[in-house]
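What's in run.cif: mmCIF, C-alpha atoms
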data_protein
#
loop_
_atom_site.label_atom_id
_atom_site.label_comp_id
_atom_site.auth_asym_id
_atom_site.auth_seq_id
_atom_site.Cartn_x
_atom_site.Cartn_y
_atom_site.Cartn_z
CA MET W 1 -6.43 24.31 12.78
CA ASN W 2 -4.70 27.38 11.34
CA VAL W 3 -5.25 29.86 14.17
CA SER W 4 -4.00 32.98 12.40
CA THR W 5 -6.18 32.65 9.30
CA THR W 6 -9.13 31.63 11.45
CA LEU W 7 -8.76 34.80 13.51
CA LEU W 8 -8.57 36.78 10.25
CA GLY W 9 -11.85 35.17 9.21
CA LEU W 10 -13.46 36.09 12.52
CA LEU W 11 -12.17 39.67 12.22
CA GLU W 12 -13.38 40.21 8.67
CA PRO W 13 -17.08 40.96 9.43
CA GLN W 14 -16.29 43.61 12.05
CA PRO W 15 -13.46 44.95 14.26
CA SER W 16 -13.02 42.99 17.45
CA HIS W 17 -11.05 42.70 20.71
CA GLY W 18 -8.80 39.78 21.54
CA TYR W 19 -11.08 38.47 24.26
CA GLU W 20 -14.10 38.63 21.92
CA LEU W 21 -12.16 36.70 19.29
CA LYS W 22 -11.13 34.06 21.81
CA HIS W 23 -14.73 33.63 22.94
CA GLU W 24 -16.00 33.36 19.38
CA TYR W 25 -13.22 30.94 18.39
CA ASP W 26 -13.85 28.70 21.42
CA THR W 27 -17.60 28.69 20.75
CA LEU W 28 -17.31 27.82 17.08
CA PHE W 29 -14.16 25.72 16.85
CA GLY W 30 -12.48 25.18 20.20
CA ILE W 31 -14.60 22.33 21.53
CA GLY W 32 -12.35 20.46 23.94
CA LYS W 33 -9.39 22.62 22.88
CA PRO W 34 -9.92 26.30 23.69
CA LEU W 35 -7.37 28.93 22.71
CA SER W 36 -5.24 30.44 25.46
CA PHE W 37 -5.17 34.23 25.77
CA GLY W 38 -1.42 34.02 25.11
CA GLN W 39 -2.09 32.34 21.75
CA VAL W 40 -4.70 34.95 20.83
CA TYR W 41 -2.61 38.01 21.67
CA GLY W 42 0.58 36.45 20.27
CA THR W 43 -1.19 35.68 16.98
CA LEU W 44 -2.78 39.16 16.79
CA SER W 45 0.65 40.69 17.38
CA ARG W 46 2.15 38.72 14.46
CA LEU W 47 -0.79 39.55 12.18
CA GLU W 48 -0.33 43.24 13.01
CA ARG W 49 3.42 43.01 12.40
CA ASP W 50 2.73 41.41 8.98
CA GLY W 51 0.24 44.13 8.01
CA GLN W 52 -2.78 41.81 7.89
CA ILE W 53 -4.60 43.60 10.69
CA VAL W 54 -4.27 47.08 12.21
CA MET W 55 -5.48 48.58 15.46
CA HIS W 56 -8.93 50.08 14.94
CA ASP W 57 -9.22 51.86 18.30
CA SER W 58 -8.12 51.43 21.87
CA ALA W 59 -9.82 52.02 25.19
CA PRO W 60 -7.92 54.00 27.84
CA GLY W 61 -5.27 51.94 29.59
CA GLY W 62 -3.39 50.73 26.52
CA GLY W 63 -2.97 46.99 27.34
CA PRO W 64 -3.43 44.39 24.58
CA GLU W 65 -6.88 43.52 25.87
CA ARG W 66 -7.99 47.12 25.24
CA ARG W 67 -7.15 47.14 21.55
CA ARG W 68 -9.73 46.53 18.87
CA TYR W 69 -8.38 45.25 15.56
CA VAL W 70 -9.61 45.44 11.98
CA ILE W 71 -8.53 43.32 9.01
CA THR W 72 -6.51 44.98 6.18
CA SER W 73 -6.73 44.30 2.43
CA ASP W 74 -3.56 42.14 2.76
CA GLY W 75 -5.34 40.19 5.48
CA VAL W 76 -8.40 39.69 3.29
CA THR W 77 -6.16 38.49 0.43
CA ARG W 78 -4.44 35.95 2.69
CA LEU W 79 -7.79 34.79 4.05
CA GLU W 80 -9.21 34.32 0.54
CA GLN W 81 -6.14 32.37 -0.61
CA TRP W 82 -6.34 30.11 2.44
CA LEU W 83 -10.06 29.49 2.01
CA ALA W 84 -9.65 28.69 -1.70
CA ALA W 85 -6.70 26.29 -1.33
CA PRO W 86 -7.63 22.63 -0.76
CA GLU W 87 -6.08 21.10 2.34
CA GLN W 88 -3.41 18.48 1.83
CA PRO W 89 -5.05 15.12 2.53
CA GLU W 90 -2.93 13.68 5.32
CA PRO W 91 -3.99 10.35 6.72
CA HIS W 92 -1.82 10.68 9.83
CA LEU W 93 -3.81 8.31 11.97
CA GLN W 94 -3.95 5.57 9.36
CA ALA W 95 -0.18 5.87 8.97
CA VAL W 96 0.32 5.32 12.70
CA LEU W 97 -2.07 2.38 12.69
CA TYR W 98 -0.31 0.93 9.67
CA VAL W 99 3.11 1.22 11.31
CA LYS W 100 1.82 -0.49 14.45
CA VAL W 101 0.31 -3.36 12.47
CA VAL W 102 3.50 -3.95 10.47
CA LEU W 103 5.70 -3.75 13.57
CA ALA W 104 3.40 -6.19 15.37
CA LEU W 105 3.70 -8.64 12.47
CA LEU W 106 7.47 -8.23 12.23
CA SER W 107 7.86 -8.98 15.94
CA ASP W 108 5.31 -11.83 15.87
CA ARG W 109 2.96 -9.97 18.17
CA PRO W 110 -0.83 -10.37 17.82
CA ALA W 111 -1.68 -7.67 15.29
CA SER W 112 -5.35 -8.71 15.28
CA ALA W 113 -5.62 -8.14 19.04
CA TYR W 114 -4.13 -4.71 18.57
CA LEU W 115 -6.65 -3.90 15.82
CA ASP W 116 -9.54 -5.18 17.97
CA ALA W 117 -8.47 -2.94 20.85
CA GLN W 118 -8.17 -0.01 18.48
CA ARG W 119 -11.65 -0.66 17.09
CA THR W 120 -13.09 -0.66 20.60
CA ALA W 121 -11.39 2.68 21.31
CA HIS W 122 -12.65 4.11 18.03
CA LEU W 123 -16.23 3.01 18.75
CA ASP W 124 -16.07 4.54 22.25
CA ARG W 125 -15.09 7.85 20.69
CA MET W 126 -17.81 7.48 18.05
CA ARG W 127 -20.37 7.00 20.84
CA GLU W 128 -19.25 10.26 22.43
CA LEU W 129 -19.45 12.05 19.09
CA THR W 130 -22.87 10.53 18.32
CA ALA W 131 -24.16 11.93 21.62
CA MET W 132 -22.57 15.30 20.80
CA ARG W 133 -24.12 15.27 17.32
CA LYS W 134 -27.53 14.53 18.76
CA ALA W 135 -27.33 17.20 21.47
CA GLY W 136 -26.65 19.96 18.92
CA PRO W 137 -26.65 22.83 18.12
CA LEU W 138 -26.00 22.32 14.42
CA ARG W 139 -22.46 23.72 14.46
CA ARG W 140 -21.46 21.17 17.09
CA SER W 141 -23.39 18.43 15.29
CA LEU W 142 -21.49 19.07 12.09
CA LEU W 143 -18.17 19.06 13.93
CA ALA W 144 -19.15 15.75 15.48
CA ASP W 145 -20.09 14.43 12.02
CA PHE W 146 -16.66 15.43 10.74
CA GLY W 147 -15.05 13.33 13.46
CA LEU W 148 -17.48 10.46 12.96
CA PHE W 149 -16.79 10.17 9.24
CA HIS W 150 -13.03 10.16 9.81
CA LEU W 151 -13.24 7.52 12.52
CA GLU W 152 -15.51 5.46 10.28
CA ALA W 153 -12.89 5.60 7.54
CA ASP W 154 -10.26 4.35 10.01
CA LEU W 155 -12.54 1.49 11.00
CA ARG W 156 -13.06 0.47 7.39
CA TRP W 157 -9.30 0.42 6.91
CA MET W 158 -8.94 -1.71 10.06
CA GLU W 159 -11.56 -4.17 8.80
CA VAL W 160 -9.83 -4.58 5.44
CA THR W 161 -6.45 -4.91 7.13
CA MET W 162 -7.79 -7.48 9.58
CA ALA W 163 -9.00 -9.60 6.65
CA ARG W 164 -5.57 -9.41 5.00
CA LEU W 165 -3.24 -9.87 7.96
CA ASN W 166 -1.96 -13.25 6.77
CA ASP W 167 -1.12 -11.88 3.33
CA LEU W 168 0.54 -8.85 4.87
CA ARG W 169 2.55 -11.05 7.22
CA ALA W 170 3.77 -13.12 4.28
CA GLU W 171 4.78 -9.96 2.47
CA VAL W 172 6.62 -8.11 5.23
CA VAL W 173 8.15 -10.87 7.39
CA ARG W 174 11.50 -11.97 5.97
CA MET G 1 -29.61 -5.38 34.44
CA SER G 2 -30.60 -9.03 34.17
CA VAL G 3 -29.93 -11.17 31.12
CA LEU G 4 -33.02 -11.15 28.89
CA LEU G 5 -31.78 -13.05 25.88
CA ALA G 6 -28.91 -15.51 25.49
CA ALA G 7 -27.29 -17.86 23.02
CA ARG G 8 -25.19 -20.68 24.46
CA GLY G 9 -23.01 -22.76 22.17
CA VAL G 10 -25.28 -22.15 19.20
CA ARG G 11 -24.39 -23.98 16.00
CA LYS G 12 -26.19 -23.58 12.69
CA ALA G 13 -25.22 -24.94 9.28
CA PHE G 14 -26.74 -24.44 5.86
CA GLY G 15 -25.81 -27.50 3.82
CA THR G 16 -22.10 -27.95 4.31
CA THR G 17 -21.54 -24.34 5.37
CA ASP G 18 -21.19 -23.65 9.07
CA ALA G 19 -22.82 -20.26 9.71
CA LEU G 20 -22.49 -20.43 13.51
CA ARG G 21 -19.88 -22.64 15.19
CA GLY G 22 -20.72 -22.37 18.88
CA ALA G 23 -21.87 -18.77 19.34
CA ASP G 24 -22.28 -17.43 22.88
CA LEU G 25 -24.00 -14.15 23.66
CA GLU G 26 -25.86 -12.54 26.54
CA VAL G 27 -28.09 -9.50 26.05
CA ARG G 28 -29.27 -7.59 29.09
CA ASP G 29 -32.77 -6.25 29.61
CA GLY G 30 -33.09 -2.75 28.16
CA GLU G 31 -29.71 -2.89 26.46
CA ILE G 32 -29.01 -1.66 22.95
CA LEU G 33 -26.51 -4.05 21.42
CA ALA G 34 -24.78 -3.83 18.04
CA VAL G 35 -23.75 -7.09 16.37
CA MET G 36 -21.00 -6.30 13.91
CA GLY G 37 -18.95 -8.39 11.54
CA PRO G 38 -18.03 -8.78 7.89
CA SER G 39 -20.46 -10.13 5.30
CA GLY G 40 -20.98 -13.87 5.69
CA SER G 41 -19.65 -13.92 9.26
CA GLY G 42 -22.90 -15.32 10.66
CA LYS G 43 -24.30 -12.20 12.30
CA SER G 44 -27.71 -12.35 10.59
CA THR G 45 -27.93 -16.09 11.30
CA LEU G 46 -27.27 -15.32 14.96
CA LEU G 47 -30.09 -12.76 14.95
CA HIS G 48 -32.46 -15.26 13.31
CA CYS G 49 -31.61 -17.91 15.92
CA LEU G 50 -32.06 -15.45 18.80
CA ALA G 51 -35.40 -14.32 17.37
CA GLY G 52 -36.68 -17.88 16.94
CA ILE G 53 -36.98 -17.49 13.18
CA PHE G 54 -35.22 -20.81 12.92
CA PRO G 55 -33.94 -23.15 15.60
CA PRO G 56 -30.23 -23.84 16.03
CA ASP G 57 -28.80 -27.24 15.09
CA GLU G 58 -27.12 -27.37 18.50
CA GLY G 59 -26.96 -25.18 21.57
CA GLU G 60 -29.48 -23.22 23.54
CA VAL G 61 -31.39 -19.97 23.02
CA TRP G 62 -32.94 -18.39 26.09
CA PHE G 63 -35.50 -15.58 26.33
CA ASP G 64 -36.80 -14.29 29.63
CA GLY G 65 -35.81 -17.47 31.45
CA ASN G 66 -37.28 -19.88 28.89
CA ARG G 67 -35.72 -22.05 26.19
CA VAL G 68 -36.68 -20.71 22.77
CA ASP G 69 -34.95 -23.55 20.93
CA ARG G 70 -37.27 -26.09 22.56
CA LEU G 71 -40.44 -24.33 21.39
CA SER G 72 -42.48 -25.73 18.54
CA GLU G 73 -42.78 -23.77 15.30
CA ALA G 74 -46.16 -22.49 16.53
CA GLY G 75 -44.66 -21.52 19.88
CA ARG G 76 -41.85 -19.58 18.21
CA THR G 77 -44.34 -17.85 15.92
CA ALA G 78 -46.42 -16.81 18.92
CA LEU G 79 -43.32 -15.51 20.67
CA ARG G 80 -42.32 -13.45 17.62
CA ARG G 81 -45.82 -11.96 17.39
CA THR G 82 -46.11 -10.99 21.03
CA ALA G 83 -42.63 -10.27 22.36
CA PHE G 84 -40.44 -9.39 19.37
CA GLY G 85 -40.45 -6.65 16.76
CA PHE G 86 -38.47 -6.68 13.53
CA VAL G 87 -36.96 -3.98 11.34
CA PHE G 88 -35.22 -5.08 8.14
CA GLN G 89 -33.00 -3.28 5.66
CA PHE G 90 -35.73 -2.74 3.08
CA GLY G 91 -38.67 -2.29 5.42
CA GLN G 92 -40.49 -5.27 3.93
CA LEU G 93 -43.87 -3.60 4.21
CA VAL G 94 -46.83 -5.23 2.49
CA PRO G 95 -47.19 -3.20 -0.73
CA GLU G 96 -50.91 -3.90 -1.18
CA LEU G 97 -51.69 -2.28 2.18
CA ASP G 98 -51.44 1.34 3.25
CA ALA G 99 -49.12 2.49 6.02
CA LEU G 100 -51.73 2.24 8.78
CA ASP G 101 -52.75 -1.27 7.68
CA ASN G 102 -49.10 -2.33 7.83
CA VAL G 103 -48.69 -1.05 11.41
CA ALA G 104 -51.99 -2.59 12.53
CA LEU G 105 -51.14 -5.95 10.94
CA PRO G 106 -49.07 -7.49 13.77
CA LEU G 107 -51.75 -6.46 16.27
CA LEU G 108 -54.48 -8.08 14.17
CA LEU G 109 -52.37 -11.23 13.80
CA GLY G 110 -51.93 -11.21 17.57
CA GLY G 111 -55.70 -11.26 18.09
CA VAL G 112 -56.33 -7.61 18.95
CA ARG G 113 -59.79 -6.50 17.84
CA ARG G 114 -59.87 -4.47 14.64
CA GLY G 115 -60.95 -1.13 16.08
CA GLU G 116 -58.48 -1.34 18.93
CA ALA G 117 -55.65 -2.48 16.62
CA TYR G 118 -56.16 0.49 14.30
CA ALA G 119 -56.42 2.93 17.21
CA GLN G 120 -53.17 1.66 18.69
CA ALA G 121 -51.48 1.67 15.29
CA ALA G 122 -52.56 5.26 14.61
CA ASN G 123 -50.93 6.43 17.84
CA TRP G 124 -47.48 5.63 16.46
CA PHE G 125 -47.75 7.93 13.45
CA PRO G 126 -47.30 11.33 15.16
CA ARG G 127 -44.73 9.83 17.50
CA LEU G 128 -42.55 8.79 14.57
CA GLY G 129 -43.08 11.95 12.52
CA LEU G 130 -45.52 10.21 10.16
CA SER G 131 -48.64 12.31 10.70
CA GLU G 132 -50.96 12.38 7.68
CA LEU G 133 -49.13 9.51 5.99
CA GLU G 134 -51.44 6.86 7.42
CA HIS G 135 -53.21 6.14 4.16
CA ARG G 136 -50.27 6.28 1.80
CA ARG G 137 -49.42 3.07 -0.01
CA THR G 138 -45.91 1.90 0.67
CA GLY G 139 -44.89 2.81 -2.88
CA GLU G 140 -45.86 6.42 -2.15
CA LEU G 141 -43.49 6.69 0.81
CA SER G 142 -39.86 7.82 0.70
CA GLY G 143 -37.24 5.37 1.93
CA GLY G 144 -37.00 7.09 5.30
CA GLN G 145 -40.78 7.25 5.70
CA ALA G 146 -41.12 3.57 4.79
CA GLN G 147 -38.48 2.64 7.34
CA ARG G 148 -40.25 4.69 10.02
CA VAL G 149 -43.48 2.84 9.18
CA ALA G 150 -41.53 -0.41 9.53
CA LEU G 151 -40.31 0.85 12.90
CA ALA G 152 -43.90 1.66 13.94
CA ARG G 153 -44.93 -1.85 12.86
CA ALA G 154 -42.12 -3.34 14.95
CA LEU G 155 -43.16 -1.26 17.96
CA ALA G 156 -46.91 -1.82 17.61
CA VAL G 157 -47.02 -4.93 19.78
CA ARG G 158 -44.86 -3.15 22.40
CA PRO G 159 -42.17 -5.81 22.07
CA LYS G 160 -39.63 -6.64 24.74
CA VAL G 161 -36.97 -7.02 22.03
CA ILE G 162 -36.55 -5.23 18.72
CA PHE G 163 -34.37 -7.01 16.17
CA ALA G 164 -33.01 -4.67 13.51
CA ASP G 165 -31.06 -6.14 10.59
CA GLU G 166 -29.10 -3.39 8.79
CA PRO G 167 -31.95 -0.93 9.51
CA THR G 168 -30.32 1.97 7.66
CA GLY G 169 -28.64 -0.06 4.92
CA SER G 170 -30.86 1.32 2.16
CA LEU G 171 -30.94 4.94 3.40
CA ASP G 172 -28.72 7.97 2.86
CA THR G 173 -26.68 9.22 5.80
CA LEU G 174 -29.03 11.92 7.09
CA THR G 175 -32.16 9.79 6.72
CA GLY G 176 -30.37 6.89 8.36
CA GLU G 177 -29.46 9.11 11.31
CA GLN G 178 -33.09 10.18 11.69
CA VAL G 179 -34.24 6.55 11.72
CA MET G 180 -31.55 5.56 14.23
CA ASP G 181 -32.36 8.54 16.48
CA LEU G 182 -36.02 7.48 16.50
CA LEU G 183 -35.27 3.80 17.00
CA VAL G 184 -33.00 4.44 19.98
CA ASP G 185 -35.19 7.14 21.55
CA VAL G 186 -38.44 5.20 21.30
CA ALA G 187 -36.82 1.93 22.43
CA ARG G 188 -35.45 3.66 25.53
CA GLU G 189 -38.83 5.28 26.25
CA GLU G 190 -40.51 1.89 25.89
CA GLY G 191 -37.83 0.05 27.86
CA ALA G 192 -37.29 -2.31 24.91
CA THR G 193 -34.08 -4.21 24.31
CA VAL G 194 -32.61 -3.66 20.84
CA ILE G 195 -30.28 -5.91 18.86
CA ILE G 196 -28.94 -4.22 15.75
CA VAL G 197 -27.06 -6.22 13.16
CA THR G 198 -24.88 -3.85 11.19
CA HIS G 199 -21.57 -3.52 9.43
CA ASP G 200 -21.86 0.29 9.75
CA ALA G 201 -19.79 1.74 12.60
CA ARG G 202 -21.92 4.89 12.68
CA VAL G 203 -24.97 2.75 13.40
CA ALA G 204 -23.07 0.66 15.96
CA ALA G 205 -22.10 3.88 17.76
CA TYR G 206 -25.75 4.28 18.80
CA ALA G 207 -25.55 1.06 20.80
CA ASP G 208 -24.50 0.69 24.43
CA ARG G 209 -21.93 -1.90 23.39
CA GLU G 210 -20.94 -3.99 20.42
CA VAL G 211 -19.89 -7.56 19.78
CA VAL G 212 -18.22 -8.87 16.64
CA VAL G 213 -19.18 -12.07 14.85
CA ARG G 214 -16.28 -13.61 13.00
CA ASP G 215 -16.26 -17.06 11.40
CA GLY G 216 -19.42 -18.06 13.24
CA LEU G 217 -18.20 -17.11 16.71
CA VAL G 218 -19.04 -14.10 18.85
CA SER G 219 -16.19 -11.98 20.22
CA ASP G 220 -16.87 -9.53 23.02
CA PHE G 221 -13.66 -7.53 23.28
CA ARG G 222 -14.96 -5.37 26.12
CA ALA G 223 -15.70 -8.42 28.24
CA ALA G 224 -12.29 -9.85 27.31
CA ALA G 225 -10.61 -6.62 28.40
CA ARG G 226 -12.37 -6.55 31.79
#
How does this structure look as structure tokens?
Amino acid sequence: MNVSTTLLGLLEPQPSHGYELKHEYDTLFGIGKPLSFGQVYGTLSRLERDGQIVMHDSAPGGGPERRRYVITSDGVTRLEQWLAAPEQPEPHLQAVLYVKVVLALLSDRPASAYLDAQRTAHLDRMRELTAMRKAGPLRRSLLADFGLFHLEADLRWMEVTMARLNDLRAEVVR
Amino acid sequence: MSVLLAARGVRKAFGTTDALRGADLEVRDGEILAVMGPSGSGKSTLLHCLAGIFPPDEGEVWFDGNRVDRLSEAGRTALRRTAFGFVFQFGQLVPELDALDNVALPLLLGGVRRGEAYAQAANWFPRLGLSELEHRRTGELSGGQAQRVALARALAVRPKVIFADEPTGSLDTLTGEQVMDLLVDVAREEGATVIIVTHDARVAAYADREVVVRDGLVSDFRAAAR
């Protein structure tokens, strides 16, 4: 998650305080991983330094929690560029799984047992996400779906790999 | 929970092909179990043996404390009509009948009087989001509607076990989720045990636990880990 551009996106509709942004971020995106206030105020400080937001007004007292920020035209430009740019597809998890399978084969460990254990862990997580999807609301359901589809892709890869372990062993073991 | 259904050392061959090579499985009362495995692994054969659709060549099948594999063909048919419900990938509704006829059919076959059978069948329609579709022919139903009618038909006899073989295999993701939500919710409300054969991890994630059939044997990795 790119916190700075996400905060820009939350600031675009209207000026907002740091604590309001944190609350909105946690509600929409921070399920299981809320932002700390330090992250919020540190990020707002950098965005202000880079001219992407400016202080809109400030309540008496002057601390960072009193300031209300508004997005600038530079901030809107950065937000638009970020939204329009496709994310780099990065199958990190598959890469880790792949490395573990190959290392297991190289060391004559039971790669299939490792894959079976991983499938069980994946299905446990999918059960949690299925319950989360069902409980709603829609924004949480769609986040759960995102996780479910990715885990499903991992499981498909594990199934194909399981069926080809002997061939892979023959290829990688010298 | 007590064991409701079990396979012990079940073997089944078709010609020279061994579909099951000594499968063992226990299913607890009220449990929702996913049976996973690659194509041709024997998972559908296991379901058919458990459901008494055909007897195993060797081994035992138990339901509610009784040997299913020792029943006659007529005994297994009676068991399927009274205690089991079935949902298949393509619904397998009778196309000449309307939706209500299809749901009433297992009740009529089980000897329930016509008026009572149709009254009971009609009760399932609002419960499964099928209100006002009672008199549609199966060809006039969408895939999701047809599968919900198939679910109503499976539930009509208030079965102790629902066997579902790839129940969302012919549906898109959202429709499949709706069918699975209904299947799981209604089964839990009814206290029914559900055995779902699937290769789809998203479907398996609805189950309380999963086993994997591979080369005609059942692997329960959770039990192995305990």
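On the file presented, the PyMOL selection byres ((chain G) within 9 of (chain W)) picks out Gly37, Pro38, Asp181, Asp200, Ala201, Arg202, Ala204, Ala205, Tyr206, Ala207, Asp208, Arg209, Glu210, Phe221, Arg222 and Ala225 of chain G.
Distances here use only C-alpha atoms; by that measure, the residue among G:Gly115, G:Pro159, G:Gly91, G:Gly59 closest to Gln145 (chain G) is G:Gly91.
Between CA of Gly52 (chain G) and CA of Arg76 (chain G) the interatomic distance comes to 5.6 Å.
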Within 7 Å of region 2-10 of chain W, counting all atoms listed in the file, which residues qualify if same-chain residues fewer than 5 places away don't, as a short mmCIF file (atom, residue, chain, number, x, y, z; two decimals) with C-alpha atoms, keeping the file's coordinate frame?
data_model
loop_
_atom_site.label_atom_id
_atom_site.label_comp_id
_atom_site.auth_asym_id
_atom_site.auth_seq_id
_atom_site.Cartn_x
_atom_site.Cartn_y
_atom_site.Cartn_z
CA LEU W 21 -12.16 36.70 19.29
CA THR W 43 -1.19 35.68 16.98
CA ILE W 71 -8.53 43.32 9.01
CA GLY W 75 -5.34 40.19 5.48
CA LEU W 79 -7.79 34.79 4.05
#
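Here the question is which of G:Ala164, G:Ala156, G:Leu46, G:Val211 gets nearest to Glu190 (chain G) using all atoms listed in the file, and that residue is G:Ala156.
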**Report entry** Explicit residues for the PyMOL selection byres ((chain G and resi 100) around 7) (as a PyMOL selection string)
**Finding:** chain G and resi 98-99+101-104+121-122+134-135
Name all residues at most 10 Å from Glu177 (chain G) (count all atoms listed in the file; drop same-chain ones fewer than 2 positions away) and give them as a short mmCIF file (atom, residue, chain, number, x, y, z; two decimals) with C-alpha atoms, in the coordinates of the input.
data_model
loop_
_atom_site.label_atom_id
_atom_site.label_comp_id
_atom_site.auth_asym_id
_atom_site.auth_seq_id
_atom_site.Cartn_x
_atom_site.Cartn_y
_atom_site.Cartn_z
CA THR W 130 -22.87 10.53 18.32
CA LYS W 134 -27.53 14.53 18.76
CA GLY G 144 -37.00 7.09 5.30
CA THR G 168 -30.32 1.97 7.66
CA LEU G 171 -30.94 4.94 3.40
CA ASP G 172 -28.72 7.97 2.86
CA THR G 173 -26.68 9.22 5.80
CA LEU G 174 -29.03 11.92 7.09
CA THR G 175 -32.16 9.79 6.72
CA VAL G 179 -34.24 6.55 11.72
CA MET G 180 -31.55 5.56 14.23
CA ASP G 181 -32.36 8.54 16.48
CA LEU G 182 -36.02 7.48 16.50
CA LEU G 183 -35.27 3.80 17.00
CA ARG G 202 -21.92 4.89 12.68
CA VAL G 203 -24.97 2.75 13.40
CA TYR G 206 -25.75 4.28 18.80
#
**Report entry** Expected selection from the PyMOL selection byres ((chain G and resi 86) around 6), given as a list of chain:residue names
**Finding:** G:Gly85, G:Val87, G:Ala154, G:Ile162, G:Phe163, G:Ala164
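CA of Ala59 (chain W) is found 24.2 Å from CA of Ser73 (chain W).
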Query raised in the report: Excluding same-chain residues fewer than 6 positions from Phe63 (chain G), what lies within 12 Å of it counting only C-alpha atoms, as a ChimeraX atom specification?
Result: /G:2-8,25-29,49-52,69-71,76,79-80,83-84,160-161,193
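For the pair CA of Val102 (chain W) and CA of Gln118 (chain W), the separation is 14.7 Å.
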Query raised in the report: With all atoms listed in the file as the atoms that count, which of G:Asp165, G:Asp220, G:Asp57, G:Glu116 lies nearest to Asp18 (chain G)?
Result: G:Asp57
Query raised in the report: Got a sec: who's within 8 Å of Ser170 (chain G), counting all atoms listed in the file, leaving out chain neighbours fewer than 3 positions off, as a ChimeraX atom specification?
Result: /G:89-90,143,167
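Residues in contact with Gly42 (chain W) at 12 Å, where all atoms listed in the file are counted and same-chain residues fewer than 6 positions away are skipped, are listed as W:Val3, W:Ser4, W:Leu7, W:Gly18, W:Leu35, W:Ser36, W:Glu48, W:Arg49, W:Pro64, W:Glu65.
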With all atoms of region 4-16 of chain W from the file as input, state the centre and edge lengths in Å to one decimal of the axis-aligned box that has 6 Å extra on each side, as AutoDock Vina command-line options.
--center_x -10.5 --center_y 38.3 --center_z 13.1 --size_x 25.1 --size_y 25.3 --size_z 20.8
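Shortest separation to Leu138 (chain W) among W:Val76, W:Leu11, W:Leu28, W:Val54 occurs at residue W:Leu28, atoms counted being all atoms listed in the file.
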